Each structure stands twice: as structure tokens, then as C-alpha cells.
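Trainee: For reference, the structure I am asking about is given below.
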Amino acid sequence: MEPNPVPASFNIPIGPQHPALKEPGHFQFTVDGEIVTRAYVRLGYAHRGIEKAAEERNWIQDLYLLERVCGICSHIHAFSYCLAVEQLANVQAPPRAQAIRVLVAELERIHSHFLWMGVSAHEAGFDTLFMYSWRDRERVMDMLESLTGNRVNYSANILGGVKFDVDAAQAASIRLGLDFLEDRAHHYLNVLSKDAMFLQRTRGIGVMTRAQAEVMGAVGPTARASNVPRDLRVIAPYAAYPQFPVHMVLDTRGDLQARFEVRIQELFESIRVIRLILDSMPESELSVSMPRRIPAGEAVVRLEAPRGEVLYFVKSNGTDKPARLKVRTPTICNLNSVVRLVIGHQLADVPMILAGIDPCFSCNDRMVQVSRVGQGDPQDMSWAELRNYGINYYRRLSK
Amino acid sequence: MNAFLTVLRLLLFPGGLFLLVVGLFYQWFARKLLALLQNRIGPRWFQPFADTLKLLAKEEIVPDGVNPYLFIGLPVVALAGTLTAALYVPIAGLAPSYGFPGDLIVVLYLLSLLTLCTGLAGANTLDRFSLIGATRTLTQLFAYEAPFLLAMLGPAVMAGSWQIGAITEYARSHWLILTQPLGFIVAVVGLMGKLEMPPFDAPEAHTEIVAGALTEYSGRGLGLFNLGRAVELVVGLTLVSAVYLGGFASPLSFLAKSGAILFVLVGIQALLTRLRIDQTVGLWWRYGTLVVLAQWFVMIVVWR
């Protein structure tokens, strides 16, 4: 019997289908025993062609399409798109509408951070925290449902304003819900920063220095946990944020523990801002009229989603459809850091570090480019080759 | 008549069918309790039975590149080992069916057979998750085995016998949890390691390595491994409660005492985060072993 050839490296594939991933993505980790020595990521499994689809629909229809870019931070996409289109049309949404948009965005941030906390606790094998934080997340989803009528795709925006008003009874019930959530967030902060077993899994794990975070272009809470002052609500306030300022939450440690604490501190900040908005909601109309055809031009809008910076580029050529629309979600900026940070850590820490950036694969999948085209592999085809293949295939069939 | 009794003991009570049913029931109890602690509803009482029946009825897929005899044989050996161990412990509060001087050691090794078989089953396949899982399973075995053994031998030394029946008799008049609390803690936590319960579930951490060593198993093999684990749960609980919690006067006290330990196990499981494999090994050799050795020192110097 021939001896087995010694493999040069032992690769652990994670994904596209793997219990640690809630969405398809592919990671390849080369391990030496339990230590990760190399990491590789491949995306593109959930590419849905949303940008192209947006060019086929008119400005109003796109609002509904883009709200579905992300299943968790749905509002922020419609919000960004509305701001960009309003900028192109030179229309300003009324102040009350802007305040309501910010209100929903902050409620969405609370919902997203609670969800994230559960998922990353689950990656660490702490299922009790997972179940509890998702139970409490139901409360904020109920609040969003009572406001907008929907739990996930709130559909709060229209071009030029919002669809609904917040009355006194709704404000009172939101305040009650906020009290409950604040209490729970204090409890979780206490658990996550004091539980010795949990600290063993987060303290000093996946440390990203400020310099690294800046070089790798990290955004959102991931960057702020490394002391990078990057929060668009503070450095480039939009909509109603100039009237209701947010304080930036920063942490100098840069490890997983810091990412947990930054996100929970942001919950308190969101709760404070929502209370502020409910206390002094500006009085005005809810929407202004928008032209059906948007004047030609280009607009770039950057908003702070729960995961970090969302960038929208919208180009109009004066018709009733956008000429080009580009979405960049925060996950694509942060993924780079995962591939670097896992090196030298144990395999057991990998799911935690990956979850630490709060990844959302379907949102960031924009385009798949196969770089091996033309190297003789019949499986790899260029677009023209694929088209010819299809034509010939059906020609053969019809003969 | 004697042969008939032997067959009865092996197939129905206390070995065989009775143990399988009780094991699955205990498994349900643990799952339901954990669910309630975690704010979930949890499975209905017959869920483990339904799962087992379904698995046993399903086709068993033997993957490429494995030794098929080992692949099919290992789950059978694992279940047989745990069922054999049950014959020497006071299941349901009754005296052990069989016994000989030194059977405590045999039982402890029979209980390790399940872990050993799991590790071998993982190493037998080519699957990368299985290989990592197998390495972790066996690493963990070497971590908890020595402290657990020492913790179980403490009462044996006090009773002056290495026969489980004799230790249980001695324990009925001495609640050893009071005189050897450290040994009891190590034994209970060691049982958790043996059963790969959280926080010692790194060998099957599904967010990292899917199902660990058993990733390639489906159908009958998986069903038998699961049954083996269910039986091991009962035998382990029986052993620890018989030795440390004052023996059993009746089946009712068996139910109460083993249930109480299971309650503690599930409570710990709900409270803690999974340990990495290096942390597990560190915990056992840095603290577990030292604690139990301190217990032995006190025992030998003070009482003997």
C-alpha cells in the first residue's frame, strides 16, 4: 500500500452552507492544529442583481425594491435612496418627516443590535443570551409594527416625506417600550462585561488597532471599537440629526469585548435620541410633492446604518427611471478585517470574529467576476461565450 | 430459570429496553428543562423517542474512503459498552445485577468507551470537520478522565472496597457529599465533560465544525450513538448520586437524587459559554486535578 501523500495544508471550509453562517458566503481557513494560518473569502452567492433591476423600474417602484436590499436594516436603504433622489430633485422633506425617518432609523438600530448580540452569543455557545436577547428584540419589533404596520420592511418612506404620523398614544407606548429595553440593555451590558466565562471568549480576541482599522477601511461599530471616530451621524449629520445630535461611542481596546460594549452603549444613545425626538417633534407637513421625472444629475449620499456606513450613488438622466444606482453596504468594508484578524487565532474564535463585524452577505453581494476566464477551463465562460453556448445549445435541440 | 433471569436482566431490566427508555426520557427532561430556562417551549415528551425511531429506520450512508466495518461497528460497540456498564450500577435504586471486587474501574472504562468510539468514528472518515472533532473529543477525554477517576475513587477508599455495591451500601449511612464536597463537584463537572454537555461541547461545536466527529453519520449509526449517550447519561447520574448522595433506598429516591443532579447539570449548561478546547484542558489540569488531589490529601491525612 502506498503511503498517503502528506497534504501541504489542512483547509477548513466554512460555507457556503454552514451552521455558523446564516447567509451564504465561503471562507477557507488553513489551520495548523487549531491555529488559523491563512484565510480566504469568496462572496457572491447571494447576488440578486438589485442594481440592474433598479434601472428597469421607475423612481417610486425602486423605493420598494431597495427597501429589500437588507432584511435587517431595511429602513436605512429606503432612507438613503429618498435622500439621494430628493437631493437630485432639489426638494427638502419637511422637518417632521425627517424626524420620523430618524426615529424609525434609531428603532431599527436597536432592533439590529439586539439581533446581533444574540447571534454572536450563539456563535460563542451562549444560547441562553441568544434566546433572551431575541425575546427582547420582539418588543422593539412590536413598536415598529405599531408605528408603521410592518415588522421588517417598514415602508415608512415616500419620496419627499414619510407615510405616517406619530400621535401621542403611539409616543407613550414607545416610551414604555424604551424603558423596558433600556433596562434589558443595562442587564446585558452587565452580563457581557462581567461574566468570566464569556470574557474568556471575547477579551483580547481579534484585536484591531486604530491604525489597522484605518488602513483596512473598517466602518461602523467595528471601527469605533478600535477608536476610529467614524460615525456619519456625528461627523456629517443628515436629516434630523443636526437638531437631535448623537454622541459618538468610542472604545480604545479594539477587541471583541470592545465591539460588544460599543454596540450596547449605542443602544443607550439611540434610546436617548428617540426620547429627545418624541419630546420635541417639529410640527409640519408629512410630505411634499415630488416630480415624476427627476432632473438629470448625480447624487452621493452616505448614511450610518446599524452596521456602519451605507453609500448610495444615484444618477438620473431626466427620465422617470434612474440611469445608474450603486449601493455599498458596510459589510464589504469590514470583511477585509476578518480575513486579517483571524490569522493566529484558534479555529474556535473564528465564528466569533466573523460575527463581530455583524456581517450581512446578501446586502453586499453586488457582482461576481470570475477571473479565470480564457484559461482553457470549459466551465469558465465570458458573457459572449455563454450567449453563444446558449444559442448553439437550443439550435441543436431544435434540429 | 436462572438462564431466563439472566436474559431478562440483559434484555429488559435493568439492562436493555428499560435503560433505553429511561435514557431517552432523561434526555427529554434535560432538553425540556433547558428550553424552559432559555425562554423556549421545548420538545414534547415523545420527541427523543420519535427521533430515535426515525433515525433507526433511515438508510445509513457509508461515505467513501472509510473502513465500512469500523464505520458500522463503532456505534454498536459504543452502545454495548454503556449498556454493559449499567449492569454493575444500582439502576433504579435496586442492587446492581452483577458485581465483583474492582467493578468500579471496569464501569469507568466502559463509560469511556463511548467517547473513544466517537473519536475513532471521526478519525475513520475523511471529513475535515470530523477529523477536527475527533481530535478535540480525544483531547477532552485525556483532560477530564484522570480527575473524574480520582473523584470517583475517593468514596471507594473511604468505603474500603472497589466494588460499586459495597460503596453504595457504605454510602447509605454516610452522605459523602458532606465530607468530600470537592470530589462531588469534580465528579459532576466531569460527568458534563463525559457527556459533552455545554460548556464542554467544543468537540461538537456546531458553529465551528458542524457536528464534530459524527458529521458523516446518519441514520442507524447516529441513532445508536445517541442511544449510547442517553444510556451513559443515566448510568453516569446513577453512579454519581449513588456514591455521593447517600445511596438509594427505593426507586423513588433514585428518581429524586439523579433528577436533582440532572437539574444542576442543565442549570450549569444554561448559564455558561462554550469553552475552547485549550480552555477545557487548562481547566481540568490546572484546577480539576489539583482540587481533587487536595481532597485526597485531606482524606488520607485526616481520616486514615
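Identifiers for the C-alpha cells are assigned positionally: chains receive A, B, ... in sequence, residues are indexed from 1 per chain, and ligands are indexed from 1 in the order shown.
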Compile the residues of chain B that lie within 8 Å of chain A, evaluated using only C-alpha atoms, and express the compilation as a VMD selection string.
Mentor: chain B and resid 37 to 40 128 to 129 198 to 199 205 to 208 210 270 to 276
Trainee: Let's have the selection written as an mmCIF file, in the first residue's frame, with N, CA, C and O atoms.
Mentor:
data_model
loop_
_atom_site.group_PDB
_atom_site.id
_atom_site.type_symbol
_atom_site.label_atom_id
_atom_site.label_comp_id
_atom_site.auth_asym_id
_atom_site.auth_seq_id
_atom_site.Cartn_x
_atom_site.Cartn_y
_atom_site.Cartn_z
ATOM 1 N N LEU B 37 -35.573 27.111 30.755
ATOM 2 C CA LEU B 37 -34.628 28.086 31.297
ATOM 3 C C LEU B 37 -34.248 29.116 30.246
ATOM 4 O O LEU B 37 -33.905 30.251 30.577
ATOM 5 N N GLN B 38 -34.298 28.719 28.975
ATOM 6 C CA GLN B 38 -33.898 29.631 27.908
ATOM 7 C C GLN B 38 -35.084 30.324 27.268
ATOM 8 O O GLN B 38 -34.976 30.837 26.149
ATOM 9 N N ASN B 39 -36.249 30.276 27.936
ATOM 10 C CA ASN B 39 -37.385 31.024 27.415
ATOM 11 C C ASN B 39 -37.884 30.435 26.090
ATOM 12 O O ASN B 39 -38.316 31.148 25.204
ATOM 13 N N ARG B 40 -37.785 29.103 25.969
ATOM 14 C CA ARG B 40 -38.341 28.439 24.798
ATOM 15 C C ARG B 40 -39.427 27.481 25.254
ATOM 16 O O ARG B 40 -39.621 27.286 26.457
ATOM 17 N N ARG B 128 -13.258 16.769 7.000
ATOM 18 C CA ARG B 128 -12.355 17.637 7.767
ATOM 19 C C ARG B 128 -12.956 18.059 9.096
ATOM 20 O O ARG B 128 -12.263 18.177 10.097
ATOM 21 N N PHE B 129 -14.269 18.259 9.112
ATOM 22 C CA PHE B 129 -14.916 18.605 10.384
ATOM 23 C C PHE B 129 -14.813 17.431 11.354
ATOM 24 O O PHE B 129 -14.573 17.608 12.547
ATOM 25 N N PRO B 198 -22.684 21.343 27.052
ATOM 26 C CA PRO B 198 -22.099 22.673 27.213
ATOM 27 C C PRO B 198 -21.803 22.901 28.679
ATOM 28 O O PRO B 198 -22.587 22.430 29.510
ATOM 29 N N PRO B 199 -20.739 23.598 29.058
ATOM 30 C CA PRO B 199 -19.771 24.305 28.228
ATOM 31 C C PRO B 199 -18.641 23.430 27.679
ATOM 32 O O PRO B 199 -17.692 23.948 27.141
ATOM 33 N N ALA B 205 -18.933 21.561 18.577
ATOM 34 C CA ALA B 205 -19.378 22.948 18.458
ATOM 35 C C ALA B 205 -19.889 23.195 17.046
ATOM 36 O O ALA B 205 -19.121 23.240 16.106
ATOM 37 N N HIS B 206 -21.204 23.309 16.896
ATOM 38 C CA HIS B 206 -21.721 23.284 15.534
ATOM 39 C C HIS B 206 -21.491 24.589 14.789
ATOM 40 O O HIS B 206 -21.549 24.583 13.569
ATOM 41 N N THR B 207 -21.180 25.686 15.502
ATOM 42 C CA THR B 207 -20.879 26.904 14.752
ATOM 43 C C THR B 207 -19.460 26.878 14.195
ATOM 44 O O THR B 207 -19.094 27.733 13.416
ATOM 45 N N GLU B 208 -18.654 25.893 14.611
ATOM 46 C CA GLU B 208 -17.302 25.791 14.066
ATOM 47 C C GLU B 208 -17.147 24.569 13.178
ATOM 48 O O GLU B 208 -16.722 24.672 12.037
ATOM 49 N N VAL B 210 -19.549 21.942 12.540
ATOM 50 C CA VAL B 210 -20.806 21.278 12.185
ATOM 51 C C VAL B 210 -21.238 20.293 13.269
ATOM 52 O O VAL B 210 -21.789 20.719 14.271
ATOM 53 N N ALA B 270 -27.113 26.018 30.996
ATOM 54 C CA ALA B 270 -27.817 27.225 30.541
ATOM 55 C C ALA B 270 -27.032 28.486 30.865
ATOM 56 O O ALA B 270 -27.172 29.504 30.204
ATOM 57 N N LEU B 271 -26.177 28.401 31.895
ATOM 58 C CA LEU B 271 -25.531 29.622 32.382
ATOM 59 C C LEU B 271 -24.242 29.966 31.655
ATOM 60 O O LEU B 271 -23.841 31.118 31.630
ATOM 61 N N LEU B 272 -23.580 28.967 31.077
ATOM 62 C CA LEU B 272 -22.198 29.198 30.682
ATOM 63 C C LEU B 272 -21.985 29.223 29.178
ATOM 64 O O LEU B 272 -22.746 28.647 28.399
ATOM 65 N N THR B 273 -20.893 29.888 28.811
ATOM 66 C CA THR B 273 -20.444 29.955 27.426
ATOM 67 C C THR B 273 -19.547 28.766 27.128
ATOM 68 O O THR B 273 -18.847 28.291 28.016
ATOM 69 N N ARG B 274 -19.560 28.322 25.880
ATOM 70 C CA ARG B 274 -18.728 27.195 25.498
ATOM 71 C C ARG B 274 -17.247 27.516 25.724
ATOM 72 O O ARG B 274 -16.785 28.615 25.443
ATOM 73 N N LEU B 275 -16.510 26.517 26.267
ATOM 74 C CA LEU B 275 -15.075 26.689 26.456
ATOM 75 C C LEU B 275 -14.350 26.246 25.203
ATOM 76 O O LEU B 275 -14.761 25.275 24.563
ATOM 77 N N ARG B 276 -13.278 26.956 24.865
ATOM 78 C CA ARG B 276 -12.423 26.466 23.784
ATOM 79 C C ARG B 276 -11.704 25.224 24.281
ATOM 80 O O ARG B 276 -11.586 25.006 25.485
#
Trainee: Between A:Asn334, A:Asn364, A:Thr222, A:Ser173, which residue has the minimum interatomic distance to A:Leu256, considering only C-alpha atoms?
Mentor: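 Under the stated criterion, the closest residue is A:Thr222.
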Trainee: Which one is closest to A:Asp32: A:Gly344, A:Val162, A:Glu138, A:Asp62? Count only C-alpha atoms.
Mentor: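 With only C-alpha atoms as the atom set, the closest residue is A:Gly344.
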Trainee: Would you pick out the contacts of stretch 79-81 of chain B at 9 Å or less, using only C-alpha atoms, so that residues sharing its chain but fewer than 6 positions from it are not included, and give the list as a JSON list (two decimals) with N, CA and C atoms, in the first residue's frame?
Mentor:
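Output file result_22.json follows:
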[["chain", "number", "residue", "atom", "x", "y", "z"],
["B", 107, "VAL", "N", -16.39, -0.23, 35.18],
["B", 107, "VAL", "CA", -17.51, 0.63, 34.77],
["B", 107, "VAL", "C", -16.98, 1.96, 34.23],
["B", 109, "TYR", "N", -14.20, 2.57, 32.82],
["B", 109, "TYR", "CA", -13.62, 2.41, 31.49],
["B", 109, "TYR", "C", -14.67, 2.10, 30.45],
["B", 110, "LEU", "N", -15.72, 1.34, 30.85],
["B", 110, "LEU", "CA", -16.80, 1.07, 29.90],
["B", 110, "LEU", "C", -17.49, 2.38, 29.50],
["B", 111, "LEU", "N", -17.59, 3.30, 30.47],
["B", 111, "LEU", "CA", -18.23, 4.58, 30.16],
["B", 111, "LEU", "C", -17.37, 5.40, 29.21],
["B", 112, "SER", "N", -16.03, 5.22, 29.28],
["B", 112, "SER", "CA", -15.16, 5.96, 28.36],
["B", 112, "SER", "C", -15.20, 5.40, 26.95],
["B", 113, "LEU", "N", -15.73, 4.18, 26.85],
["B", 113, "LEU", "CA", -15.76, 3.53, 25.54],
["B", 113, "LEU", "C", -16.54, 4.35, 24.53],
["B", 114, "LEU", "N", -17.62, 4.97, 24.98],
["B", 114, "LEU", "CA", -18.45, 5.78, 24.08],
["B", 114, "LEU", "C", -17.63, 6.92, 23.47],
["B", 224, "LEU", "N", -27.74, 5.05, 17.06],
["B", 224, "LEU", "CA", -27.12, 4.22, 18.10],
["B", 224, "LEU", "C", -26.20, 5.05, 18.98],
["B", 225, "PHE", "N", -25.44, 5.96, 18.37],
["B", 225, "PHE", "CA", -24.57, 6.83, 19.18],
["B", 225, "PHE", "C", -25.41, 7.66, 20.15],
["B", 226, "ASN", "N", -26.55, 8.13, 19.65],
["B", 226, "ASN", "CA", -27.41, 8.94, 20.50],
["B", 226, "ASN", "C", -27.99, 8.11, 21.64],
["B", 227, "LEU", "N", -28.38, 6.88, 21.32],
["B", 227, "LEU", "CA", -28.88, 5.99, 22.38],
["B", 227, "LEU", "C", -27.79, 5.73, 23.40],
["B", 228, "GLY", "N", -26.56, 5.51, 22.90],
["B", 228, "GLY", "CA", -25.44, 5.29, 23.80],
["B", 228, "GLY", "C", -25.27, 6.45, 24.76],
["B", 229, "ARG", "N", -25.41, 7.65, 24.22],
["B", 229, "ARG", "CA", -25.25, 8.83, 25.07],
["B", 229, "ARG", "C", -26.38, 8.93, 26.10],
["B", 231, "VAL", "N", -28.02, 6.40, 27.41],
["B", 231, "VAL", "CA", -27.77, 5.41, 28.46],
["B", 231, "VAL", "C", -26.64, 5.89, 29.37],
["B", 232, "GLU", "N", -25.62, 6.47, 28.76],
["B", 232, "GLU", "CA", -24.49, 6.96, 29.55],
["B", 232, "GLU", "C", -24.95, 8.04, 30.54]]
Trainee: Taking 6 positions as the minimum chain separation for residues in the same chain, which residues sit within 12 Å of B:Asp64 when counting only C-alpha atoms? Answer as a compact mmCIF listing (two decimals) with C-alpha atoms, in the first residue's frame.
Mentor:
# COMPACT_ATOMS: atom_id res chain seq x y z
CA PHE B 71 -17.95 2.70 10.46
CA ASN B 124 -12.14 6.94 10.46
CA THR B 125 -13.73 9.34 7.97
CA LEU B 126 -12.05 11.74 5.59
CA ASP B 127 -14.29 14.63 6.52
CA GLU B 216 -20.64 11.88 8.47
Trainee: Go through A:Gly254, A:Pro24, A:Pro245, A:Pro322 and flag the residue nearest A:Val273, using only C-alpha atoms for the distances.
Mentor: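 Checking each of A:Gly254, A:Pro24, A:Pro245, A:Pro322 against A:Val273, counting only C-alpha atoms, the winner is A:Pro245.
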Trainee: What's around B:Ser250 at 9 Å? Count only C-alpha atoms, leave out sequence neighbours fewer than 3 positions away in its own chain, and write the answer as a list in words.
Mentor: Ala92, Gly93, Leu94, Ser253, Phe254 and Leu255 of chain B
Trainee: The selected residues should be written to file as a tab-separated table (two decimals), in the first residue's frame (atoms: all heavy atoms).
Mentor:
chain	number	residue	atom	x	y	z
B	92	ALA	N	-32.15	2.35	39.01
B	92	ALA	CA	-33.49	2.44	39.60
B	92	ALA	C	-33.48	2.17	41.11
B	92	ALA	O	-34.50	1.85	41.69
B	92	ALA	CB	-34.47	1.50	38.91
B	93	GLY	N	-32.31	2.32	41.74
B	93	GLY	CA	-32.27	2.20	43.19
B	93	GLY	C	-32.18	0.76	43.67
B	93	GLY	O	-32.15	0.51	44.87
B	94	LEU	N	-32.19	-0.22	42.74
B	94	LEU	CA	-32.07	-1.62	43.15
B	94	LEU	C	-30.59	-2.00	43.19
B	94	LEU	O	-29.76	-1.31	42.60
B	94	LEU	CB	-32.82	-2.50	42.16
B	94	LEU	CG	-34.28	-2.08	41.94
B	94	LEU	CD1	-34.90	-2.88	40.83
B	94	LEU	CD2	-35.06	-2.22	43.23
B	253	SER	N	-36.27	7.37	45.55
B	253	SER	CA	-35.10	8.17	45.93
B	253	SER	C	-34.09	8.21	44.78
B	253	SER	O	-33.37	9.19	44.59
B	253	SER	CB	-34.46	7.62	47.20
B	253	SER	OG	-33.73	6.46	46.91
B	254	PHE	N	-34.08	7.15	43.96
B	254	PHE	CA	-33.24	7.16	42.76
B	254	PHE	C	-33.67	8.29	41.84
B	254	PHE	O	-32.86	9.10	41.38
B	254	PHE	CB	-33.37	5.82	42.04
B	254	PHE	CG	-32.86	5.83	40.62
B	254	PHE	CD1	-31.51	5.79	40.35
B	254	PHE	CD2	-33.75	5.91	39.55
B	254	PHE	CE1	-31.04	5.80	39.04
B	254	PHE	CE2	-33.29	5.93	38.25
B	254	PHE	CZ	-31.94	5.89	37.99
B	255	LEU	N	-35.00	8.36	41.63
B	255	LEU	CA	-35.53	9.37	40.72
B	255	LEU	C	-35.21	10.77	41.25
B	255	LEU	O	-34.76	11.66	40.52
B	255	LEU	CB	-37.05	9.19	40.61
B	255	LEU	CG	-37.68	9.56	39.28
B	255	LEU	CD1	-37.09	8.71	38.18
B	255	LEU	CD2	-39.19	9.37	39.36
Trainee: Between B:Ala78, B:Ala151, B:Val66, B:Ala156, single out the one closest to B:Asp103, counting only C-alpha atoms.
Mentor: B:Ala156
Trainee: Once DSSP has gone over the backbone, tell me which residues of stretch 34-104 of chain A are in helix (DSSP H, G or I), as an MDAnalysis selection string.
Mentor: chainID A and resid 50:56 59:66 74:89 95:104
Trainee: Choose the residue, out of B:Gly102, B:Gly190, B:Gly259, B:Gly288, that has the smallest atom-to-atom separation from B:Phe29; count only C-alpha atoms.
Mentor: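 The shortest atom-to-atom distance to B:Phe29 comes from B:Gly259.
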Trainee: Measuring between only C-alpha atoms, which one of B:Leu262, B:Ala211, B:Leu8, B:Ile177 shows the shortest distance to B:Gly247?
Mentor: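 Of B:Leu262, B:Ala211, B:Leu8, B:Ile177, the one nearest B:Gly247, counting only C-alpha atoms, is B:Ile177.
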Trainee: Calculate how many Å separate atom CA of A:Val152 from atom CA of A:Glu67, rounding to one decimal.
Mentor: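 That distance, rounded to one decimal, is 9.7 Å.
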Trainee: May I have the residues within 9 Å of A:Pro282 as an MDAnalysis selection string, using only C-alpha atoms and disregarding those fewer than 6 positions away in the same chain?
Mentor: chainID A and resid 95:97 99
Trainee: Write out, as an mmCIF file, in the first residue's frame, the residues just selected, with N, CA and C atoms.
Mentor:
data_model
loop_
_atom_site.group_PDB
_atom_site.id
_atom_site.type_symbol
_atom_site.label_atom_id
_atom_site.label_comp_id
_atom_site.auth_asym_id
_atom_site.auth_seq_id
_atom_site.Cartn_x
_atom_site.Cartn_y
_atom_site.Cartn_z
ATOM 1 N N PRO A 95 -39.504 69.018 8.060
ATOM 2 C CA PRO A 95 -38.765 68.632 9.277
ATOM 3 C C PRO A 95 -39.414 67.510 10.059
ATOM 4 N N ARG A 96 -40.756 67.475 10.120
ATOM 5 C CA ARG A 96 -41.396 66.394 10.882
ATOM 6 C C ARG A 96 -41.121 65.036 10.222
ATOM 7 N N ALA A 97 -41.149 65.051 8.893
ATOM 8 C CA ALA A 97 -40.861 63.804 8.172
ATOM 9 C C ALA A 97 -39.435 63.345 8.454
ATOM 10 N N ALA A 99 -37.686 63.962 11.083
ATOM 11 C CA ALA A 99 -37.600 63.476 12.467
ATOM 12 C C ALA A 99 -38.150 62.059 12.562
#
Trainee: Find the residues around A:Val249 up to 10 Å (only C-alpha atoms counted), leave out those fewer than 5 positions away in its own chain, and share them as a PDB file with N, CA, C and O atoms, in the first residue's frame.
Mentor:
ATOM      1  N   PRO A 221     -19.670  50.345  14.030  1.00  0.00           N
ATOM      2  CA  PRO A 221     -19.246  49.981  15.380  1.00  0.00           C
ATOM      3  C   PRO A 221     -17.916  49.227  15.394  1.00  0.00           C
ATOM      4  O   PRO A 221     -17.158  49.335  16.357  1.00  0.00           O
ATOM      5  N   ARG A 224     -15.416  51.932  15.400  1.00  0.00           N
ATOM      6  CA  ARG A 224     -15.476  52.730  16.636  1.00  0.00           C
ATOM      7  C   ARG A 224     -14.937  51.953  17.833  1.00  0.00           C
ATOM      8  O   ARG A 224     -14.420  52.536  18.772  1.00  0.00           O
ATOM      9  N   ALA A 225     -15.040  50.611  17.785  1.00  0.00           N
ATOM     10  CA  ALA A 225     -14.466  49.810  18.864  1.00  0.00           C
ATOM     11  C   ALA A 225     -12.945  49.861  18.824  1.00  0.00           C
ATOM     12  O   ALA A 225     -12.285  49.521  19.799  1.00  0.00           O
ATOM     13  N   ASN A 227     -11.443  52.722  18.218  1.00  0.00           N
ATOM     14  CA  ASN A 227     -11.176  54.138  18.480  1.00  0.00           C
ATOM     15  C   ASN A 227     -11.037  54.974  17.202  1.00  0.00           C
ATOM     16  O   ASN A 227     -10.331  55.981  17.192  1.00  0.00           O
ATOM     17  N   PRO A 229     -12.860  57.534  15.037  1.00  0.00           N
ATOM     18  CA  PRO A 229     -14.085  58.349  15.152  1.00  0.00           C
ATOM     19  C   PRO A 229     -14.799  58.449  13.804  1.00  0.00           C
ATOM     20  O   PRO A 229     -14.624  59.408  13.070  1.00  0.00           O
ATOM     21  N   ARG A 230     -15.562  57.421  13.466  1.00  0.00           N
ATOM     22  CA  ARG A 230     -16.217  57.376  12.170  1.00  0.00           C
ATOM     23  C   ARG A 230     -17.697  57.074  12.399  1.00  0.00           C
ATOM     24  O   ARG A 230     -18.092  55.930  12.472  1.00  0.00           O
ATOM     25  N   ASP A 231     -18.494  58.098  12.600  1.00  0.00           N
ATOM     26  CA  ASP A 231     -19.937  57.921  12.737  1.00  0.00           C
ATOM     27  C   ASP A 231     -20.582  59.057  11.967  1.00  0.00           C
ATOM     28  O   ASP A 231     -20.472  60.225  12.357  1.00  0.00           O
ATOM     29  N   GLU A 261     -19.307  46.042  23.734  1.00  0.00           N
ATOM     30  CA  GLU A 261     -19.673  47.162  24.606  1.00  0.00           C
ATOM     31  C   GLU A 261     -20.054  48.386  23.801  1.00  0.00           C
ATOM     32  O   GLU A 261     -20.967  49.120  24.177  1.00  0.00           O
ATOM     33  N   VAL A 262     -19.352  48.625  22.673  1.00  0.00           N
ATOM     34  CA  VAL A 262     -19.701  49.779  21.840  1.00  0.00           C
ATOM     35  C   VAL A 262     -21.137  49.659  21.355  1.00  0.00           C
ATOM     36  O   VAL A 262     -21.918  50.607  21.421  1.00  0.00           O
ATOM     37  N   ARG A 263     -21.513  48.455  20.923  1.00  0.00           N
ATOM     38  CA  ARG A 263     -22.865  48.314  20.387  1.00  0.00           C
ATOM     39  C   ARG A 263     -23.912  48.494  21.478  1.00  0.00           C
ATOM     40  O   ARG A 263     -24.963  49.089  21.242  1.00  0.00           O
ATOM     41  N   ILE A 264     -23.632  47.994  22.675  1.00  0.00           N
ATOM     42  CA  ILE A 264     -24.634  48.154  23.730  1.00  0.00           C
ATOM     43  C   ILE A 264     -24.712  49.612  24.169  1.00  0.00           C
ATOM     44  O   ILE A 264     -25.801  50.139  24.420  1.00  0.00           O
ATOM     45  N   GLN A 265     -23.556  50.291  24.225  1.00  0.00           N
ATOM     46  CA  GLN A 265     -23.595  51.718  24.571  1.00  0.00           C
ATOM     47  C   GLN A 265     -24.368  52.500  23.518  1.00  0.00           C
ATOM     48  O   GLN A 265     -25.043  53.475  23.826  1.00  0.00           O
ATOM     49  N   GLU A 266     -24.265  52.052  22.260  1.00  0.00           N
ATOM     50  CA  GLU A 266     -25.022  52.728  21.203  1.00  0.00           C
ATOM     51  C   GLU A 266     -26.519  52.559  21.391  1.00  0.00           C
ATOM     52  O   GLU A 266     -27.301  53.420  20.983  1.00  0.00           O
ATOM     53  N   GLU A 269     -27.563  55.292  23.531  1.00  0.00           N
ATOM     54  CA  GLU A 269     -27.527  56.531  22.769  1.00  0.00           C
ATOM     55  C   GLU A 269     -28.772  56.640  21.887  1.00  0.00           C
ATOM     56  O   GLU A 269     -29.420  57.685  21.828  1.00  0.00           O
TER      57      GLU A 269
END
